[in-house]
file final-v8.cif (mmCIF, C-alpha atoms)
data_final
loop_
_atom_site.group_PDB
_atom_site.id
_atom_site.type_symbol
_atom_site.label_atom_id
_atom_site.label_comp_id
_atom_site.auth_asym_id
_atom_site.auth_seq_id
_atom_site.Cartn_x
_atom_site.Cartn_y
_atom_site.Cartn_z
ATOM 1 C CA MET A 2 74.430 133.293 29.910
ATOM 2 C CA ASN A 3 71.460 131.163 28.818
ATOM 3 C CA SER A 4 71.469 128.344 26.292
ATOM 4 C CA LEU A 5 68.620 126.920 24.208
ATOM 5 C CA ASN A 6 70.408 123.620 23.755
ATOM 6 C CA TYR A 7 69.037 120.425 25.255
ATOM 7 C CA ILE A 8 70.968 119.116 28.257
ATOM 8 C CA LYS A 9 71.336 115.342 28.484
ATOM 9 C CA ALA A 10 74.455 114.951 30.632
ATOM 10 C CA VAL A 11 75.684 116.557 33.853
ATOM 11 C CA PHE A 12 79.373 116.492 34.820
ATOM 12 C CA PHE A 13 80.175 117.176 38.473
ATOM 13 C CA ASP A 14 83.431 118.522 39.794
ATOM 14 C CA PHE A 15 84.195 116.661 43.044
ATOM 15 C CA ASP A 16 85.904 118.807 45.697
ATOM 16 C CA GLY A 17 83.720 121.745 46.646
ATOM 17 C CA VAL A 18 80.793 120.500 44.546
ATOM 18 C CA ILE A 19 79.880 116.955 45.612
ATOM 19 C CA VAL A 20 81.866 116.968 48.852
ATOM 20 C CA ASP A 21 82.382 119.815 51.318
ATOM 21 C CA SER A 22 86.162 119.415 51.241
ATOM 22 C CA GLU A 23 87.677 122.747 50.274
ATOM 23 C CA ASN A 24 87.402 124.321 53.737
ATOM 24 C CA ILE A 25 88.923 121.180 55.257
ATOM 25 C CA TYR A 26 91.781 121.037 52.735
ATOM 26 C CA CYS A 27 92.434 124.736 53.260
ATOM 27 C CA GLN A 28 92.743 124.349 57.031
ATOM 28 C CA LEU A 29 94.911 121.234 56.679
ATOM 29 C CA MET A 30 97.309 123.055 54.389
ATOM 30 C CA LEU A 31 97.427 126.126 56.633
ATOM 31 C CA ASP A 32 98.131 123.967 59.698
ATOM 32 C CA TYR A 33 100.766 121.938 57.864
ATOM 33 C CA ASN A 34 102.430 125.053 56.455
ATOM 34 C CA GLN A 35 102.637 126.562 59.924
ATOM 35 C CA TYR A 36 104.355 123.370 61.100
ATOM 36 C CA GLN A 37 106.774 123.711 58.152
ATOM 37 C CA LYS A 38 107.295 127.399 58.992
ATOM 38 C CA ILE A 39 105.762 128.447 55.681
ATOM 39 C CA ASN A 40 103.658 131.465 56.516
ATOM 40 C CA ILE A 41 100.700 131.838 54.162
ATOM 41 C CA SER A 42 97.310 133.283 55.013
ATOM 42 C CA GLN A 43 93.894 131.868 54.216
ATOM 43 C CA GLU A 44 93.375 134.754 51.789
ATOM 44 C CA TYR A 45 96.594 133.873 49.957
ATOM 45 C CA TYR A 46 95.634 130.198 49.810
ATOM 46 C CA ILE A 47 92.207 130.994 48.349
ATOM 47 C CA SER A 48 93.452 133.541 45.812
ATOM 48 C CA GLU A 49 96.694 131.860 44.717
ATOM 49 C CA LEU A 50 96.638 128.128 45.494
ATOM 50 C CA LEU A 51 93.047 126.854 45.689
ATOM 51 C CA GLY A 52 92.159 124.545 42.821
ATOM 52 C CA LYS A 53 95.638 124.493 41.338
ATOM 53 C CA SER A 54 97.628 121.365 40.571
ATOM 54 C CA ARG A 55 100.527 120.120 42.660
ATOM 55 C CA MET A 56 102.940 121.299 39.962
ATOM 56 C CA GLU A 57 101.464 124.801 39.920
ATOM 57 C CA ILE A 58 101.470 125.077 43.722
ATOM 58 C CA SER A 59 105.088 123.907 43.836
ATOM 59 C CA ARG A 60 106.080 126.552 41.299
ATOM 60 C CA ILE A 61 104.338 129.305 43.277
ATOM 61 C CA LEU A 62 105.830 128.270 46.623
ATOM 62 C CA LYS A 63 109.266 127.821 45.087
ATOM 63 C CA GLU A 64 109.160 131.361 43.715
ATOM 64 C CA LYS A 65 107.952 132.684 47.062
ATOM 65 C CA TYR A 66 110.309 130.795 49.393
ATOM 66 C CA GLN A 67 113.259 129.903 47.135
ATOM 67 C CA ASP A 68 115.646 127.375 48.725
ATOM 68 C CA GLU A 69 113.521 127.149 51.871
ATOM 69 C CA PHE A 70 110.955 125.132 49.901
ATOM 70 C CA ASP A 71 111.829 121.444 49.501
ATOM 71 C CA GLU A 72 109.219 120.177 47.048
ATOM 72 C CA SER A 73 109.599 116.441 47.627
ATOM 73 C CA CYS A 74 109.704 116.714 51.411
ATOM 74 C CA TYR A 75 106.807 119.177 51.426
ATOM 75 C CA TRP A 76 104.394 116.998 49.447
ATOM 76 C CA ASP A 77 105.334 113.748 51.153
ATOM 77 C CA GLY A 78 104.601 115.384 54.497
ATOM 78 C CA LEU A 79 101.395 117.105 53.404
ATOM 79 C CA LEU A 80 99.921 113.990 51.821
ATOM 80 C CA GLU A 81 100.715 111.953 54.930
ATOM 81 C CA TYR A 82 99.177 114.695 57.095
ATOM 82 C CA ARG A 83 96.018 114.643 54.980
ATOM 83 C CA LYS A 84 95.924 110.836 54.943
ATOM 84 C CA GLU A 85 95.990 110.750 58.746
ATOM 85 C CA TYR A 86 93.170 113.282 58.926
ATOM 86 C CA LEU A 87 90.998 111.394 56.437
ATOM 87 C CA ALA A 88 91.551 108.154 58.335
ATOM 88 C CA ASN A 89 89.888 109.709 61.381
ATOM 89 C CA HIS A 90 87.404 112.180 59.909
ATOM 90 C CA ASN A 91 84.629 112.060 57.350
ATOM 91 C CA ILE A 92 84.309 114.676 54.604
ATOM 92 C CA PRO A 93 80.574 115.401 54.306
ATOM 93 C CA ILE A 94 78.513 115.547 51.140
ATOM 94 C CA LYS A 95 77.431 119.025 50.055
ATOM 95 C CA GLN A 96 73.954 120.366 50.713
ATOM 96 C CA GLY A 97 71.535 119.499 47.932
ATOM 97 C CA TYR A 98 73.548 116.651 46.433
ATOM 98 C CA GLU A 99 71.057 113.893 47.305
ATOM 99 C CA PHE A 100 68.163 115.974 46.011
ATOM 100 C CA LEU A 101 69.973 116.701 42.744
ATOM 101 C CA ILE A 102 71.281 113.202 42.012
ATOM 102 C CA LYS A 103 67.823 111.726 42.695
ATOM 103 C CA TYR A 104 66.303 114.138 40.196
ATOM 104 C CA LEU A 105 68.971 113.419 37.573
ATOM 105 C CA LYS A 106 68.674 109.643 37.804
ATOM 106 C CA GLU A 107 64.856 109.699 37.831
ATOM 107 C CA ASN A 108 64.960 111.753 34.639
ATOM 108 C CA ASN A 109 67.562 109.661 32.822
ATOM 109 C CA PHE A 110 70.435 112.121 32.737
ATOM 110 C CA PHE A 111 73.914 110.791 32.066
ATOM 111 C CA THR A 112 76.036 111.744 35.089
ATOM 112 C CA GLY A 113 79.785 111.931 35.538
ATOM 113 C CA ILE A 114 82.524 113.108 37.879
ATOM 114 C CA VAL A 115 85.351 115.141 36.357
ATOM 115 C CA SER A 116 87.982 115.751 39.022
ATOM 116 C CA SER A 117 91.655 116.659 39.404
ATOM 117 C CA SER A 118 91.725 114.416 42.488
ATOM 118 C CA SER A 119 92.907 110.813 42.366
ATOM 119 C CA LEU A 120 90.494 107.976 41.650
ATOM 120 C CA ASN A 121 91.362 106.381 44.988
ATOM 121 C CA LEU A 122 90.481 109.545 46.924
ATOM 122 C CA VAL A 123 87.213 110.021 45.036
ATOM 123 C CA GLN A 124 86.153 106.405 45.545
ATOM 124 C CA THR A 125 87.157 106.422 49.221
ATOM 125 C CA ILE A 126 85.139 109.536 50.066
ATOM 126 C CA ILE A 127 82.131 108.338 48.057
ATOM 127 C CA LEU A 128 82.066 104.988 49.854
ATOM 128 C CA GLU A 129 82.590 106.548 53.294
ATOM 129 C CA ASN A 130 79.480 108.659 52.754
ATOM 130 C CA ASN A 131 77.390 105.719 51.554
ATOM 131 C CA VAL A 132 76.960 107.375 48.171
ATOM 132 C CA ASN A 133 76.012 104.926 45.413
ATOM 133 C CA ILE A 134 78.992 104.950 43.070
ATOM 134 C CA ASN A 135 76.750 103.421 40.400
ATOM 135 C CA ASP A 136 74.875 106.723 40.242
ATOM 136 C CA PHE A 137 77.775 107.891 38.059
ATOM 137 C CA ASP A 138 78.023 106.663 34.494
ATOM 138 C CA LEU A 139 81.566 108.003 34.198
ATOM 139 C CA ILE A 140 84.365 108.984 36.577
ATOM 140 C CA VAL A 141 87.344 110.880 35.165
ATOM 141 C CA THR A 142 90.289 111.690 37.450
ATOM 142 C CA ARG A 143 93.896 112.840 37.350
ATOM 143 C CA GLU A 144 95.076 109.385 36.227
ATOM 144 C CA ASN A 145 93.320 109.805 32.860
ATOM 145 C CA VAL A 146 95.198 112.866 31.601
ATOM 146 C CA GLN A 147 98.559 114.623 31.676
ATOM 147 C CA LYS A 148 97.338 118.153 32.376
ATOM 148 C CA LEU A 149 94.811 118.964 35.106
ATOM 149 C CA LYS A 150 92.426 121.913 35.472
ATOM 150 C CA PRO A 151 92.528 124.736 34.369
ATOM 151 C CA TYR A 152 93.634 122.910 31.229
ATOM 152 C CA PRO A 153 90.699 121.389 29.312
ATOM 153 C CA ASP A 154 92.121 117.847 29.150
ATOM 154 C CA LEU A 155 89.869 116.318 31.849
ATOM 155 C CA TYR A 156 86.690 117.606 30.235
ATOM 156 C CA GLU A 157 87.819 116.708 26.741
ATOM 157 C CA TYR A 158 88.526 113.168 27.906
ATOM 158 C CA ALA A 159 85.124 112.983 29.626
ATOM 159 C CA LEU A 160 83.449 114.366 26.518
ATOM 160 C CA ALA A 161 85.036 111.685 24.320
ATOM 161 C CA GLN A 162 84.100 108.912 26.755
ATOM 162 C CA SER A 163 80.501 110.047 27.179
ATOM 163 C CA GLY A 164 79.589 110.167 23.514
ATOM 164 C CA PHE A 165 77.508 113.337 23.925
ATOM 165 C CA ALA A 166 77.847 116.543 21.954
ATOM 166 C CA LYS A 167 79.322 119.520 23.804
ATOM 167 C CA ASP A 168 76.056 121.429 23.771
ATOM 168 C CA GLU A 169 74.253 118.490 25.415
ATOM 169 C CA ILE A 170 76.413 118.715 28.539
ATOM 170 C CA VAL A 171 76.530 121.039 31.510
ATOM 171 C CA ALA A 172 79.379 121.065 34.035
ATOM 172 C CA ILE A 173 78.901 121.982 37.688
ATOM 173 C CA GLU A 174 81.971 123.783 39.024
ATOM 174 C CA ASP A 175 82.868 125.876 42.065
ATOM 175 C CA SER A 176 86.338 127.240 41.237
ATOM 176 C CA LYS A 177 87.835 129.488 38.610
ATOM 177 C CA VAL A 178 90.227 126.773 37.422
ATOM 178 C CA GLY A 179 87.365 124.309 37.020
ATOM 179 C CA ILE A 180 85.167 126.806 35.216
ATOM 180 C CA GLN A 181 88.019 127.702 32.870
ATOM 181 C CA SER A 182 88.665 124.033 32.150
ATOM 182 C CA ALA A 183 85.050 123.389 31.151
ATOM 183 C CA LEU A 184 84.695 126.609 29.155
ATOM 184 C CA ASP A 185 87.878 125.891 27.211
ATOM 185 C CA SER A 186 86.298 122.557 26.285
ATOM 186 C CA HIS A 187 83.241 124.533 25.073
ATOM 187 C CA ILE A 188 81.070 122.936 27.737
ATOM 188 C CA GLN A 189 78.411 125.028 29.494
ATOM 189 C CA VAL A 190 78.882 125.681 33.211
ATOM 190 C CA ILE A 191 76.653 126.129 36.231
ATOM 191 C CA HIS A 192 78.664 127.712 39.028
ATOM 192 C CA VAL A 193 77.900 126.619 42.593
ATOM 193 C CA GLN A 194 79.342 128.842 45.291
ATOM 194 C CA ASP A 195 81.980 127.508 47.685
ATOM 195 C CA LEU A 196 85.308 128.693 49.105
ATOM 196 C CA SER A 197 86.852 129.744 45.806
ATOM 197 C CA ILE A 198 86.469 133.358 44.713
ATOM 198 C CA VAL A 199 85.481 133.492 41.048
ATOM 199 C CA PRO A 200 85.915 136.823 39.225
ATOM 200 C CA ASP A 201 82.869 138.420 37.641
ATOM 201 C CA SER A 202 84.551 138.245 34.230
ATOM 202 C CA LEU A 203 84.448 134.438 34.466
ATOM 203 C CA LEU A 204 81.047 134.191 36.157
ATOM 204 C CA SER A 205 79.549 136.141 33.272
ATOM 205 C CA LYS A 206 80.511 133.267 30.967
ATOM 206 C CA CYS A 207 78.626 130.725 33.079
ATOM 207 C CA MET A 208 75.037 129.732 32.445
ATOM 208 C CA THR A 209 74.121 130.744 35.995
ATOM 209 C CA SER A 210 75.481 130.848 39.553
ATOM 210 C CA VAL A 211 73.698 129.163 42.470
ATOM 211 C CA LEU A 212 74.191 128.875 46.213
ATOM 212 C CA SER A 213 73.711 125.097 46.469
ATOM 213 C CA LEU A 214 73.148 121.933 44.448
ATOM 214 C CA ASP A 215 69.422 121.768 45.143
ATOM 215 C CA GLU A 216 69.134 124.978 43.132
ATOM 216 C CA VAL A 217 70.755 123.198 40.175
ATOM 217 C CA ALA A 218 67.866 120.731 40.143
ATOM 218 C CA LEU A 219 65.428 123.631 40.155
ATOM 219 C CA VAL A 220 67.245 125.257 37.222
ATOM 220 C CA LEU A 221 67.074 122.032 35.227
ATOM 221 C CA LYS A 222 63.436 121.408 36.162
ATOM 222 C CA LYS A 223 62.372 124.583 34.407
ATOM 223 C CA GLY A 224 62.901 123.005 31.030
ATOM 224 C CA GLY A 225 61.192 119.639 31.116
ATOM 225 C CA LYS A 226 62.133 116.006 31.696
ATOM 226 C CA ASN A 227 63.843 112.950 30.229
ATOM 227 C CA GLY A 228 66.957 114.837 29.253
ATOM 228 C CA ASN A 229 65.109 117.341 27.068
ATOM 229 C CA ILE A 230 65.992 120.302 29.216
ATOM 230 C CA LYS A 231 66.088 123.868 27.962
ATOM 231 C CA ILE A 232 67.869 126.269 30.278
#
call {"tool": "encode", "arguments": {"input": "final-v8.cif", "output": "C-alpha cells"}}
result
Amino acid sequence: MNSLNYIKAVFFDFDGVIVDSENIYCQLMLDYNQYQKINISQEYYISELLGKSRMEISRILKEKYQDEFDESCYWDGLLEYRKEYLANHNIPIKQGYEFLIKYLKENNFFTGIVSSSSLNLVQTIILENNVNINDFDLIVTRENVQKLKPYPDLYEYALAQSGFAKDEIVAIEDSKVGIQSALDSHIQVIHVQDLSIVPDSLLSKCMTSVLSLDEVALVLKKGGKNGNIKI
C-alpha cells in the first residue's frame, strides 16, 4: 500500500528491528521451558507467543497447562535466566541499522523507539552496542502506557509526544502485534522481516515489506530529502 503523504518521522520497534533479539529470546524461552518441564515447540512459540505481552503469554500458558503453570514462579525464573544470559552475551544490532540511522539523521528525520520492552533493557542493549542514544529524539517503552502491543497505546503516546501528524510518520515493525498496534493508531508501516510470521492479510495493509533495514533507507530515498519524502 503506497502513500503520497510526506514522511518526517520514523518510529522503530526495538526487538527484531533494531536489535537481533527475537531468535535469542525464543531459544532462551524454549530452554527455560524445557527446564520447567513445559513442552512447547519453536513453531508454537512463534505462532502463539512471539510479540505478546507477559499477561497474554500467562493467559495462554495457563489455559494450556492449568495448575501446572505457576505464573509468579515462571516469570521470576525466566527473567533471572534472561538476565544471566544478557550479563554474559551481547545482543547484536540488526543488519542495515547503521546505514539507515545515518541516512535519517543526515536528512533531519525525527526518530523514535516505540517498544513493549522496558526502558532499562532498551538503554542497556543500546549502550552495550555503542549505539548513540542521542540518535533518538523519543523513546517510548512499557513504562509509559497500561496496554502494550497489539493495543495502540504505545504508538498513540509516541504520536502525542512527537507533535507530528499521523500521516507524517512511518513505523518500522517486524511482528504482527507491532504492525497491528501501529495500524490501529492510523500510522503507516514498513514491515521488516524477522522471526515473526505475519499473515498476508496484515502485510497487505503495510506500505511495503523489506528484508533488512538498509532497504528501508532505499525506500525513503526514492522520494527526496529533508523530511519531504513521498513513498
call {"tool": "residues_around", "arguments": {"input": "final-v8.cif", "residues": "Lys38 (chain A)", "least_positions_apart": "5", "cutoff": "12 Å", "atoms": "only C-alpha atoms", "output": "PyMOL selection string"}}
result
chain A and resi 30-33+66+69-70+75
call {"tool": "closest_residue", "arguments": {"input": "final-v8.cif", "among": "A:Ser176, A:Thr142, A:Ser163, A:Thr209", "to": "Gln124 (chain A)", "atoms": "all atoms listed in the file"}}
result
A:Thr142
call {"tool": "atom_distance", "arguments": {"input": "final-v8.cif", "atom1": "CA of Ser42 (chain A)", "atom2": "CA of Leu203 (chain A)"}}
result
24.3 Å
call {"tool": "resolve_selection", "arguments": {"input": "final-v8.cif", "expression": "the PyMOL selection byres ((chain A and resi 47-51) around 8)", "output": "number ranges by chain"}}
result
A: 27, 43-46, 52-53, 58, 196-198
call {"tool": "closest_atom_pairs", "arguments": {"input": "final-v8.cif", "of": "region 7-97 of chain A", "to": "region 106-115 of chain A", "cutoff": "7 Å", "atoms": "all atoms listed in the file", "output": "JSON lines"}}
result
{"residue": "A:Lys9", "atom": "CA", "partner": "A:Phe110", "partner_atom": "CA", "distance": 5.4}
{"residue": "A:Ala10", "atom": "CA", "partner": "A:Phe111", "partner_atom": "CA", "distance": 4.4}
{"residue": "A:Val11", "atom": "CA", "partner": "A:Thr112", "partner_atom": "CA", "distance": 5.0}
{"residue": "A:Phe12", "atom": "CA", "partner": "A:Gly113", "partner_atom": "CA", "distance": 4.6}
{"residue": "A:Phe13", "atom": "CA", "partner": "A:Ile114", "partner_atom": "CA", "distance": 4.7}
{"residue": "A:Asp14", "atom": "CA", "partner": "A:Val115", "partner_atom": "CA", "distance": 5.2}
{"residue": "A:Phe15", "atom": "CA", "partner": "A:Ile114", "partner_atom": "CA", "distance": 6.5}
call {"tool": "atom_distance", "arguments": {"input": "final-v8.cif", "atom1": "CA of Leu80 (chain A)", "atom2": "CA of Pro153 (chain A)"}}
result
25.4 Å
call {"tool": "resolve_selection", "arguments": {"input": "final-v8.cif", "expression": "the PyMOL selection byres ((chain A and resi 21) around 9)", "output": "short mmCIF file (atom, residue, chain, number, x, y, z; two decimals) with C-alpha atoms, in the frame of the given file"}}
result
data_model
loop_
_atom_site.label_atom_id
_atom_site.label_comp_id
_atom_site.auth_asym_id
_atom_site.auth_seq_id
_atom_site.Cartn_x
_atom_site.Cartn_y
_atom_site.Cartn_z
CA ASP A 16 85.90 118.81 45.70
CA GLY A 17 83.72 121.74 46.65
CA VAL A 18 80.79 120.50 44.55
CA ILE A 19 79.88 116.96 45.61
CA VAL A 20 81.87 116.97 48.85
CA SER A 22 86.16 119.42 51.24
CA GLU A 23 87.68 122.75 50.27
CA ASN A 24 87.40 124.32 53.74
CA ILE A 25 88.92 121.18 55.26
CA ILE A 92 84.31 114.68 54.60
CA PRO A 93 80.57 115.40 54.31
CA ILE A 94 78.51 115.55 51.14
CA LYS A 95 77.43 119.02 50.06
CA GLN A 96 73.95 120.37 50.71
CA ASP A 195 81.98 127.51 47.68
#
call {"tool": "residues_near_point", "arguments": {"input": "final-v8.cif", "point": "(95.8, 113.1, 36.2)", "cutoff": "12 Å", "atoms": "all atoms listed in the file", "output": "PDB file with C-alpha atoms, in the frame of the given file"}}
result
ATOM      1  CA  SER A  54      97.628 121.365  40.571  1.00  0.00           C
ATOM      2  CA  ARG A  55     100.527 120.120  42.660  1.00  0.00           C
ATOM      3  CA  MET A  56     102.940 121.299  39.962  1.00  0.00           C
ATOM      4  CA  VAL A 115      85.351 115.141  36.357  1.00  0.00           C
ATOM      5  CA  SER A 116      87.982 115.751  39.022  1.00  0.00           C
ATOM      6  CA  SER A 117      91.655 116.659  39.404  1.00  0.00           C
ATOM      7  CA  SER A 118      91.725 114.416  42.488  1.00  0.00           C
ATOM      8  CA  SER A 119      92.907 110.813  42.366  1.00  0.00           C
ATOM      9  CA  LEU A 120      90.494 107.976  41.650  1.00  0.00           C
ATOM     10  CA  ASN A 121      91.362 106.381  44.988  1.00  0.00           C
ATOM     11  CA  VAL A 141      87.344 110.880  35.165  1.00  0.00           C
ATOM     12  CA  THR A 142      90.289 111.690  37.450  1.00  0.00           C
ATOM     13  CA  ARG A 143      93.896 112.840  37.350  1.00  0.00           C
ATOM     14  CA  GLU A 144      95.076 109.385  36.227  1.00  0.00           C
ATOM     15  CA  ASN A 145      93.320 109.805  32.860  1.00  0.00           C
ATOM     16  CA  VAL A 146      95.198 112.866  31.601  1.00  0.00           C
ATOM     17  CA  GLN A 147      98.559 114.623  31.676  1.00  0.00           C
ATOM     18  CA  LYS A 148      97.338 118.153  32.376  1.00  0.00           C
ATOM     19  CA  LEU A 149      94.811 118.964  35.106  1.00  0.00           C
ATOM     20  CA  LYS A 150      92.426 121.913  35.472  1.00  0.00           C
ATOM     21  CA  TYR A 152      93.634 122.910  31.229  1.00  0.00           C
ATOM     22  CA  PRO A 153      90.699 121.389  29.312  1.00  0.00           C
ATOM     23  CA  ASP A 154      92.121 117.847  29.150  1.00  0.00           C
ATOM     24  CA  LEU A 155      89.869 116.318  31.849  1.00  0.00           C
ATOM     25  CA  TYR A 156      86.690 117.606  30.235  1.00  0.00           C
ATOM     26  CA  TYR A 158      88.526 113.168  27.906  1.00  0.00           C
TER      27      TYR A 158
END
call {"tool": "atom_distance", "arguments": {"input": "final-v8.cif", "atom1": "CA of Gln181 (chain A)", "atom2": "CA of Glu169 (chain A)"}}
result
18.2 Å
call {"tool": "closest_residue", "arguments": {"input": "final-v8.cif", "among": "A:Glu72, A:Asp185, A:Asp215, A:Glu81", "to": "Glu57 (chain A)", "atoms": "only C-alpha atoms"}}
result
A:Glu72
call {"tool": "closest_residue", "arguments": {"input": "final-v8.cif", "among": "A:Leu139, A:Ala88, A:Gln194, A:Gln28", "to": "Gln162 (chain A)", "atoms": "all atoms listed in the file"}}
result
A:Leu139
call {"tool": "closest_residue", "arguments": {"input": "final-v8.cif", "among": "A:Tyr7, A:Glu99, A:Asn130, A:Leu79", "to": "Val171 (chain A)", "atoms": "only C-alpha atoms"}}
result
A:Tyr7
call {"tool": "residues_around", "arguments": {"input": "final-v8.cif", "residues": "region 89-91 of chain A", "least_positions_apart": "2", "cutoff": "9 Å", "atoms": "all atoms listed in the file", "output": "list in words"}}
result
Lys84, Glu85, Tyr86, Leu87, Pro93, Ile126, Glu129 and Asn130 of chain A
call {"tool": "closest_residue", "arguments": {"input": "final-v8.cif", "among": "A:Asp77, A:Asp175, A:Asp68, A:Asp138", "to": "Leu105 (chain A)", "atoms": "only C-alpha atoms"}}
result
A:Asp138
call {"tool": "closest_residue", "arguments": {"input": "final-v8.cif", "among": "A:Gly164, A:Asn133, A:Pro151, A:Leu29", "to": "Gly78 (chain A)", "atoms": "all atoms listed in the file"}}
result
A:Leu29
call {"tool": "decode", "arguments": {"input": "final-v8.cif", "residues": "region 212-220 of chain A", "atoms": "all heavy atoms", "output": "CSV table (one decimal), in the first residue's frame"}}
result
chain,number,residue,atom,x,y,z
A,212,LEU,N,13.5,-6.9,3.4
A,212,LEU,CA,14.3,-8.0,4.1
A,212,LEU,C,15.2,-7.4,5.2
A,212,LEU,O,15.5,-8.1,6.1
A,212,LEU,CB,15.2,-8.7,3.0
A,212,LEU,CG,14.5,-9.6,2.0
A,212,LEU,CD1,15.5,-10.1,1.0
A,212,LEU,CD2,13.8,-10.7,2.7
A,213,SER,N,15.6,-6.2,5.0
A,213,SER,CA,16.6,-5.6,6.0
A,213,SER,C,16.4,-4.1,6.1
A,213,SER,O,15.8,-3.5,5.2
A,213,SER,CB,18.0,-6.0,5.7
A,213,SER,OG,18.4,-5.4,4.5
A,214,LEU,N,17.0,-3.5,7.1
A,214,LEU,CA,16.8,-2.1,7.4
A,214,LEU,C,17.5,-1.2,6.3
A,214,LEU,O,17.1,-0.1,6.0
A,214,LEU,CB,17.4,-1.7,8.7
A,214,LEU,CG,16.6,-2.2,9.9
A,214,LEU,CD1,17.3,-1.8,11.2
A,214,LEU,CD2,15.2,-1.7,10.0
A,215,ASP,N,18.6,-1.7,5.7
A,215,ASP,CA,19.2,-0.9,4.6
A,215,ASP,C,18.2,-0.7,3.5
A,215,ASP,O,18.3,0.3,2.7
A,215,ASP,CB,20.5,-1.4,4.2
A,215,ASP,CG,20.5,-2.9,3.9
A,215,ASP,OD1,19.4,-3.5,3.9
A,215,ASP,OD2,21.6,-3.5,3.9
A,216,GLU,N,17.3,-1.6,3.3
A,216,GLU,CA,16.3,-1.4,2.2
A,216,GLU,C,15.3,-0.3,2.6
A,216,GLU,O,14.7,0.3,1.7
A,216,GLU,CB,15.5,-2.7,2.0
A,216,GLU,CG,16.4,-3.8,1.3
A,216,GLU,CD,15.6,-5.1,1.1
A,216,GLU,OE1,14.6,-4.9,0.3
A,216,GLU,OE2,15.9,-6.1,1.6
A,217,VAL,N,15.1,-0.1,3.9
A,217,VAL,CA,14.2,1.0,4.3
A,217,VAL,C,14.8,2.3,3.9
A,217,VAL,O,14.0,3.2,3.4
A,217,VAL,CB,14.0,1.0,5.9
A,217,VAL,CG1,13.2,2.2,6.3
A,217,VAL,CG2,13.3,-0.3,6.3
A,218,ALA,N,16.1,2.5,4.0
A,218,ALA,CA,16.7,3.7,3.6
A,218,ALA,C,16.5,3.9,2.1
A,218,ALA,O,16.2,5.0,1.6
A,218,ALA,CB,18.2,3.7,3.9
A,219,LEU,N,16.6,2.8,1.3
A,219,LEU,CA,16.5,2.9,-0.1
A,219,LEU,C,15.0,3.3,-0.5
A,219,LEU,O,14.8,4.1,-1.4
A,219,LEU,CB,16.9,1.6,-0.8
A,219,LEU,CG,18.3,1.2,-0.6
A,219,LEU,CD1,18.6,-0.2,-1.2
A,219,LEU,CD2,19.3,2.3,-1.2
A,220,VAL,N,14.0,2.8,0.3
A,220,VAL,CA,12.6,3.1,0.0
A,220,VAL,C,12.4,4.6,0.3
A,220,VAL,O,11.8,5.3,-0.5
A,220,VAL,CB,11.7,2.3,1.0
A,220,VAL,CG1,10.3,2.8,0.9
A,220,VAL,CG2,11.7,0.8,0.6
